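Undergrad: Mind looking over this structure? Questions follow.
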Amino acid sequence: MPTAPHIALDSAAPAAVDGRHIRALTFQSVRMEYLRRVLGELSLTAVGHRALVVGSGRGLLARGLARLGFETVAADPSPAATALARGADDGLGVTYLTTPAEELDLPDGSFDLMYCADTLEITERPDAVLAEAARVLRPGGALAYDTVNRTPVSRLIYLGAFQALPTTRIMPRGRYAAHRLRRPVELAESLDRAGLSAKDVSAFKPRDVRSLVRATRGRRRGTLTDDQLPELVEMVLEPGSRPVVTYLGYAVRRA
């Protein structure tokens, strides 16, 4: 079955609107917060260790990990996204690669931490993505990820607001599909098949969903810039609660 396309820029929307970048900007703080928690639970220090971000887009998360002290590689299937990431680099030594998540052009057992961003809800081949994650992680290495649950509410937001409604659309039609949205229990089963032991699932959401609607509409109209979005849309972790829309999680590669 063919891999669903990863789209760096939404050519059907106004040229300045990049849905993946908007998502990365609004998710950045909660992603970093969750990763710090994972590192603490695993007693893993950044210095002297290697991290990989798959689905890295413009490299925002990869640069965040590099600032923590990781030797970081940012991988994305889109050459355009890779070029934008290199252009935004600020001398942190991140390595930027163009390679698909399903077939990473990277050595076995070469990373201590991997983050899978904007990928698991897009790919038609989640088992291939997770098998590649297990392959490039060392035994005991951690895979962290965020993705979208399959619920009526998530369908309304991701299939409706984000790619169908003209006033809030930030993604091209077809980027999200119901069968690619996966429940935590389904993802845990896939992780296990790949040799990865699921350790945690944490819901996260906007502190105020109305702020997300206002920010999305404002960005769509061009009255807000990308840089204004993180302050307007504050994402918060909800550990232990059932994820209604989005969730973060991590797993550890078994020996």
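In the structure tokens, chains take letters A, B, ... by order of appearance, with residues numbered from 1 within each chain and ligands from 1 in the order shown.
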Check stretch 38-232 of chain A with DSSP on the backbone and list each residue it calls strand (DSSP E), as a PyMOL selection string.
TA: chain A and resi 50-54+71-76+95-98+111-116+137-148+196-206
Undergrad: Enter the distance from atom CA of A:Thr123 to atom CA of A:Thr98, in Å, rounded to one decimal.
TA: 16.2 Å
Undergrad: Could you give me, as a list in words, the residues within 7 Å of A:Arg220, counting only C-alpha atoms and dropping anything in the same chain fewer than 2 positions from it?
TA: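 The contact residues come out as Val17, Thr167, Thr168, Thr216, Arg217, Gly218 and Gly222 of chain A.
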Undergrad: Within 9 Å of A:Leu68, counting only C-alpha atoms, which residues show up once you throw out same-chain ones fewer than 5 positions away? Write them as an MDAnalysis selection string, please.
TA: chainID A and resid 45:47 63
Undergrad: If we count only C-alpha atoms and set the cut-off at 7 Å, which residues sit around stretch 175-185 of chain A, ignoring sequence neighbours fewer than 5 positions away in its own chain? Please answer as a list in words.
TA: Glu121, Ile122, Thr123, Glu124, Val148, Asn149, Arg150, Arg155, Tyr158 and Leu159 of chain A
Undergrad: Go ahead and write the selection's residues with all heavy atoms as a tab-separated table (two decimals), in the first residue's frame.
TA:
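The file below, again-v5.tsv, is the result:
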```tsv
chain	number	residue	atom	x	y	z
A	121	GLU	N	-0.10	9.67	12.33
A	121	GLU	CA	-1.47	9.92	11.87
A	121	GLU	C	-1.53	10.14	10.36
A	121	GLU	O	-2.61	10.37	9.81
A	121	GLU	CB	-2.08	11.11	12.60
A	121	GLU	CG	-1.42	12.44	12.33
A	121	GLU	CD	-0.23	12.71	13.24
A	121	GLU	OE1	0.30	11.78	13.86
A	121	GLU	OE2	0.18	13.89	13.31
A	122	ILE	N	-0.38	10.07	9.69
A	122	ILE	CA	-0.30	10.31	8.26
A	122	ILE	C	0.01	9.03	7.48
A	122	ILE	O	-0.55	8.77	6.42
A	122	ILE	CB	0.79	11.37	7.95
A	122	ILE	CG1	0.48	12.68	8.65
A	122	ILE	CG2	0.92	11.60	6.45
A	122	ILE	CD1	-0.86	13.28	8.29
A	123	THR	N	0.90	8.21	8.02
A	123	THR	CA	1.38	7.05	7.27
A	123	THR	C	0.31	5.98	7.09
A	123	THR	O	-0.53	5.76	7.97
A	123	THR	CB	2.62	6.43	7.96
A	123	THR	OG1	3.09	5.35	7.15
A	123	THR	CG2	2.29	5.92	9.36
A	124	GLU	N	0.38	5.31	5.95
A	124	GLU	CA	-0.43	4.13	5.71
A	124	GLU	C	0.26	2.88	6.24
A	124	GLU	O	-0.33	1.80	6.27
A	124	GLU	CB	-0.70	3.96	4.21
A	124	GLU	CG	-1.56	5.04	3.59
A	124	GLU	CD	-3.04	4.85	3.86
A	124	GLU	OE1	-3.39	3.88	4.57
A	124	GLU	OE2	-3.84	5.66	3.36
A	148	VAL	N	-2.80	11.43	16.90
A	148	VAL	CA	-4.21	11.80	17.03
A	148	VAL	C	-5.05	10.55	17.27
A	148	VAL	O	-4.93	9.56	16.55
A	148	VAL	CB	-4.70	12.51	15.75
A	148	VAL	CG1	-6.15	12.98	15.92
A	148	VAL	CG2	-3.80	13.70	15.41
A	149	ASN	N	-5.86	10.60	18.31
A	149	ASN	CA	-6.78	9.50	18.61
A	149	ASN	C	-7.90	9.46	17.56
A	149	ASN	O	-8.13	10.43	16.85
A	149	ASN	CB	-7.38	9.70	20.01
A	149	ASN	CG	-7.96	8.43	20.59
A	149	ASN	OD1	-7.97	7.38	19.94
A	149	ASN	ND2	-8.43	8.50	21.81
A	150	ARG	N	-8.57	8.32	17.46
A	150	ARG	CA	-9.70	8.20	16.56
A	150	ARG	C	-10.99	8.24	17.37
A	150	ARG	O	-11.41	7.25	17.97
A	150	ARG	CB	-9.62	6.88	15.76
A	150	ARG	CG	-10.68	6.82	14.64
A	150	ARG	CD	-10.48	5.63	13.71
A	150	ARG	NE	-10.75	4.36	14.36
A	150	ARG	CZ	-9.82	3.46	14.70
A	150	ARG	NH1	-8.54	3.70	14.47
A	150	ARG	NH2	-10.15	2.32	15.28
A	155	ARG	N	-12.20	13.48	14.74
A	155	ARG	CA	-12.61	13.53	13.33
A	155	ARG	C	-13.17	14.90	12.99
A	155	ARG	O	-12.90	15.45	11.90
A	155	ARG	CB	-13.66	12.46	13.05
A	155	ARG	CG	-13.14	11.04	13.15
A	155	ARG	CD	-14.21	10.05	12.76
A	155	ARG	NE	-13.84	8.69	13.09
A	155	ARG	CZ	-14.48	7.61	12.65
A	155	ARG	NH1	-15.53	7.75	11.86
A	155	ARG	NH2	-14.09	6.41	13.00
A	158	TYR	N	-9.84	17.27	12.96
A	158	TYR	CA	-8.79	17.00	11.97
A	158	TYR	C	-9.34	16.77	10.56
A	158	TYR	O	-8.72	17.20	9.58
A	158	TYR	CB	-7.92	15.83	12.43
A	158	TYR	CG	-6.83	16.28	13.37
A	158	TYR	CD1	-7.10	16.47	14.72
A	158	TYR	CD2	-5.56	16.56	12.91
A	158	TYR	CE1	-6.12	16.92	15.60
A	158	TYR	CE2	-4.56	17.02	13.77
A	158	TYR	CZ	-4.85	17.20	15.11
A	158	TYR	OH	-3.87	17.66	15.95
A	159	LEU	N	-10.45	16.09	10.46
A	159	LEU	CA	-11.01	15.85	9.13
A	159	LEU	C	-11.92	16.99	8.68
A	159	LEU	O	-12.09	17.19	7.48
A	159	LEU	CB	-11.80	14.54	9.11
A	159	LEU	CG	-11.01	13.24	8.93
A	159	LEU	CD1	-10.01	13.02	10.05
A	159	LEU	CD2	-11.95	12.05	8.83
```
Undergrad: What separation in Å, quoted to one decimal, exists between atom CA of A:Ser43 and atom CA of A:Tyr115?
TA: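 Interatomic distance, atom CA of A:Ser43 to atom CA of A:Tyr115: 17.0 Å.
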Undergrad: So which residues touch stretch 223-228 of chain A within 12 Å, counting only C-alpha atoms, skipping near sequence neighbours fewer than 2 positions away, as JSON, numbers by chain?
TA: {"A": [16, 17, 18, 19, 20, 21, 22, 23, 24, 25, 26, 214, 215, 216, 217, 218, 219, 220, 221, 230, 231, 232, 233, 234]}
Undergrad: Using only C-alpha atoms, which residue out of A:Ala188, A:Ala203, A:Leu165, A:Val54 lies closest to A:Leu104?
TA: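 Of A:Ala188, A:Ala203, A:Leu165, A:Val54, the one nearest A:Leu104 is A:Val54, counting only C-alpha atoms.
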Undergrad: Would you pick out the contacts of A:Val129 at 10 Å or less, using only C-alpha atoms, so that residues sharing its chain but fewer than 6 positions from it are not included, and give the list as number ranges by chain?
TA: A: 54, 100-104, 116, 119-120, 123, 135, 190-191, 194
Undergrad: Which of stretch 21-235 of chain A counts as alpha helix (DSSP H) under DSSP, as number ranges by chain please?
TA: A: 21-42, 60-68, 79-88, 126-136, 152-154, 184-193, 209-221, 229-232
Undergrad: Restricting the calculation to only C-alpha atoms: of A:Tyr96, A:Phe162, A:Phe70, A:Tyr34, which residue gets closest to A:Val201?
TA: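 Distance minimum relative to A:Val201 lands on A:Tyr34.
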Undergrad: Which residue out of A:Ser154, A:Leu65, A:Gly141, A:Ala251 has the minimum interatomic distance to A:Glu33 when only C-alpha atoms are used?
TA: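 Looking at the shortest contact to A:Glu33, the residue is A:Leu65.
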Undergrad: What is the distance between atom CA of A:Asp112 and atom CA of A:Tyr145, in Å to one decimal?
TA: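 Distance reported for this atom pair: 14.3 Å.
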Undergrad: Point out the residue among A:Leu61, A:Ser202, A:Val252, A:Glu189 with the least atom-to-atom distance to A:Arg37, counting only C-alpha atoms.
TA: A:Ser202
